[in-house]
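Chemist: Starting off with a structure, shown below.
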Amino acid sequence: MIKITDILSLTLPELREQMANLGEKNFRADQVFGWLHRQRVESFDGMTNISKDLRAKLSENFEFNRMTPVRILESKTDGTVKILYELKDGNHIETVLMRYEHGDSLCVSTQAGCKMGCRFCASTIAGFKRDLQPEEILGQLYETERVTGRKVSSIVLMGIGEPLDNFDNVIKFLTVLSSPEGTDMSLRHVSLSTCGLVDKIYRLMELNLGLTLSISLHSPYDSKRSELMPVNKRFGIDELIKACRAYFEKTGRRISFEYALIEGENDSREDAEALCKLTGGMPSHINIIPVNKIKERNYRSDRASARRFCKLLNSMGANATVRRTLGADIDAACGQLRREYETG
Ligand code: SAH
């Protein structure tokens with residue numbers, strides 16, 4: 001058998017099957033899975049109750065790659081840690097650990113770069129390189145817990161990349177993450193953020209995984225949204241909202257809408273009214289985020305405007321809050337760290 005798969009990417013049934021092909025019994029596969037995802041060994045040699053022969057066989061047949069933290073920025077004010085990881089092929093991705101009252105939340109990347117082209121987003125400007133493999137998404141959790149010594153209690157797929165554009169690998173990641181014999185994270189503690197790939201939202205809905213779907217909306221109008229987010233030309237707002245309704249009806253999970261407030265672009269009273277109308281027909285929550293400044297664009301906003309806009313939405317009956325700003329002293333909008341590192 002040739003070495004193809006990274007062993008961290010395999011679900012337990014897959015690992016059992018592949019190890020059966022090597023003449024090993026299921027309980028051995030279960031032990032190996034535990035070493036990988038519970039004890040979190042860093043190499044095959046760490047699997048101390050597995051014979052040397054089997055460890056050698058595993059390392060002949062599977063890859064076991066690690067990612068290297070090449071920059072670690074730690075906020076002095078609120079416990080946020082931002083880590084730039086280098087992957088085995090030299091690509092870079094970002095991971096952010098945030099501290100909340102209910103526990104630590106990890107924001108993971110799903111692609112090296114992004115193809116979606118949102119005007120305000122640094123990840124897009126830096127260009128798309130490739131999809132991340134399941135083990136590279138999982139590795140962000142394992143390495144970050146190791147590096148920081150902290151325990152992650154929830155995960156948001158909101159880092160670099162469009163998770164639904166890397167659908168199969170993301171689903172595989174979620175399957176391994178929630179495996180009871182491994183990390184055993186309930187997918188109720190996971191949020192997936194998408195710019196709105198409607199066909200994939202339906203596929204996700206059919207899987208009924210219990211995770212929270214976050215929609216990056218940013219404008220209630222097709223013309224403005226298409227200008228800010230080219231994906232809107234493929235899947236317009238009506239189609240998107242229809243998919244959100246269907247998602248709620250099937251899964252019972254309320255939808256979360258992200259709204260990056262940008263001065264003069266999407267912050268008028270009419271915007272607020274249209275936004276309320278659009279999201280009003282289903283249980284939902286709107287997250288207002290003052291747009292994070294990136295140097296290539298003149299987009300701006302501030303917390304006072306975000307609060308004002310949020311109040312306006314509340315007065316119209318919408319369930320909206322302003323997202324807490326974390327790690328302001330290590331400020332680098334998503335994707336900027338990678339870009340600065342790669343362009344020097
Ligand atoms: N591709 C996915 C997930 C990654 S982006 C998506 O589009 O949802 C994570 C979130 O950050 C999205 O809501 C995105 O619109 C938002 N975002 C990107 N750049 C931003 C910026 N400069 N300021 C505020 N939010 C931004």
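Every chain in the structure tokens has a letter given in the order shown (A, B, ...), and although residue numbers restart at 1 in each chain, ligands are simply numbered from 1 in the order shown.
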Could you pull out the residues in region 227-340 of chain A that DSSP calls alpha helix (DSSP H) from the backbone, as a ChimeraX atom specification?

Modeler: /A:227-228,231-234,237-251,269-279,303-315,336-340

Chemist: Could you list, as a list in words, all the residues within 7 Å of ligand 1, counting only C-alpha atoms and all ligand atoms?

Modeler: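 Answer in the requested format: Phe120, Cys121, Ala122, Leu157, Met158, Gly159, Ile160, Gly161, Glu162, Pro163, Ser193, Thr194, Cys195, Ser214, Ile215, Ser216, Glu258, Tyr259, Ala260, Ile289, Pro290, Val291, Asn292, Lys293, Ile294, Ala333 and Cys334 of chain A.
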
Chemist: Neighbours of region 14-28 of chain A within 9 Å (only C-alpha atoms; same-chain residues fewer than 5 positions away dropped), as a ChimeraX atom specification?

Modeler: /A:1,7,33,50,54,57-58,61

Chemist: Could you work out how far CA of Pro220 (chain A) lies from CA of Glu239 (chain A), giving the answer in Å with one decimal?

Modeler: 12.5 Å

Chemist: So which one's closest to Ile241 (chain A), A:Glu265, A:Glu94, A:Ser256, A:Thr279? Using only C-alpha atoms, please.

Modeler: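 Distance minimum relative to Ile241 (chain A) lands on A:Thr279.
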
Chemist: Skipping near chain neighbours, those fewer than 4 positions away, what residues fall within 8 Å of region 322-329 of chain A using only C-alpha atoms, listed as a tab-separated table (two decimals) with N, CA and C atoms, in the first residue's frame?

Modeler:
chain	number	residue	atom	x	y	z
A	74	GLU	N	-0.06	37.25	21.19
A	74	GLU	CA	-0.95	37.08	22.33
A	74	GLU	C	-1.41	38.44	22.83
A	75	SER	N	-2.71	38.61	22.96
A	75	SER	CA	-3.23	39.88	23.47
A	75	SER	C	-2.91	40.02	24.95
A	76	LYS	N	-2.53	41.22	25.32
A	76	LYS	CA	-2.24	41.45	26.74
A	76	LYS	C	-3.51	41.82	27.50
A	77	THR	N	-4.58	42.10	26.75
A	77	THR	CA	-5.77	42.59	27.44
A	77	THR	C	-6.87	41.55	27.61
A	78	ASP	N	-7.06	40.65	26.64
A	78	ASP	CA	-8.24	39.78	26.76
A	78	ASP	C	-8.00	38.31	26.48
A	79	GLY	N	-6.73	37.91	26.44
A	79	GLY	CA	-6.45	36.47	26.31
A	79	GLY	C	-6.58	35.91	24.90
A	80	THR	N	-6.78	36.78	23.90
A	80	THR	CA	-6.84	36.28	22.52
A	80	THR	C	-5.43	35.88	22.05
A	81	VAL	N	-5.36	34.75	21.37
A	81	VAL	CA	-4.07	34.32	20.80
A	81	VAL	C	-4.27	34.05	19.32
A	98	MET	N	-10.03	32.55	21.23
A	98	MET	CA	-10.67	33.67	21.92
A	98	MET	C	-11.23	33.22	23.26
A	287	ASN	N	-25.48	39.51	14.02
A	287	ASN	CA	-24.24	39.91	14.65
A	287	ASN	C	-23.68	41.12	13.93
A	288	ILE	N	-23.64	42.26	14.59
A	288	ILE	CA	-23.10	43.46	13.93
A	288	ILE	C	-21.60	43.55	14.27
A	289	ILE	N	-20.79	43.73	13.24
A	289	ILE	CA	-19.34	43.82	13.44
A	289	ILE	C	-18.86	45.10	12.76
A	306	ALA	N	-21.73	50.98	15.20
A	306	ALA	CA	-22.26	49.61	15.27
A	306	ALA	C	-23.35	49.55	16.33
A	307	ARG	N	-23.09	50.21	17.47
A	307	ARG	CA	-24.08	50.21	18.56
A	307	ARG	C	-25.36	50.92	18.13
A	310	CYS	N	-27.25	48.79	15.72
A	310	CYS	CA	-27.82	47.64	16.45
A	310	CYS	C	-29.08	48.06	17.21

Chemist: Go through region 35-110 of chain A and collect every residue that DSSP, computed from the backbone, puts in strand (DSSP E or B); the answer should be as a PyMOL selection string.

Modeler: chain A and resi 63+68-74+81-86+92-100+103-107

Chemist: Could you check how far CA of Gly34 (chain A) sits from CA of Leu138 (chain A), in Å to one decimal?

Modeler: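 For CA of Gly34 (chain A) relative to CA of Leu138 (chain A), the distance reads 14.7 Å.
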
Chemist: Given only C-alpha atoms as the basis, pick out the residue of A:Leu313, A:Ile330, A:Ile137, A:Leu197 nearest to Cys107 (chain A).

Modeler: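 Closest to Cys107 (chain A) of all the choices is A:Ile137.
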
Chemist: Work out how far CA of Leu278 (chain A) is from CA of Tyr221 (chain A), in Å to one decimal.

Modeler: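 That distance, rounded to one decimal, is 9.7 Å.
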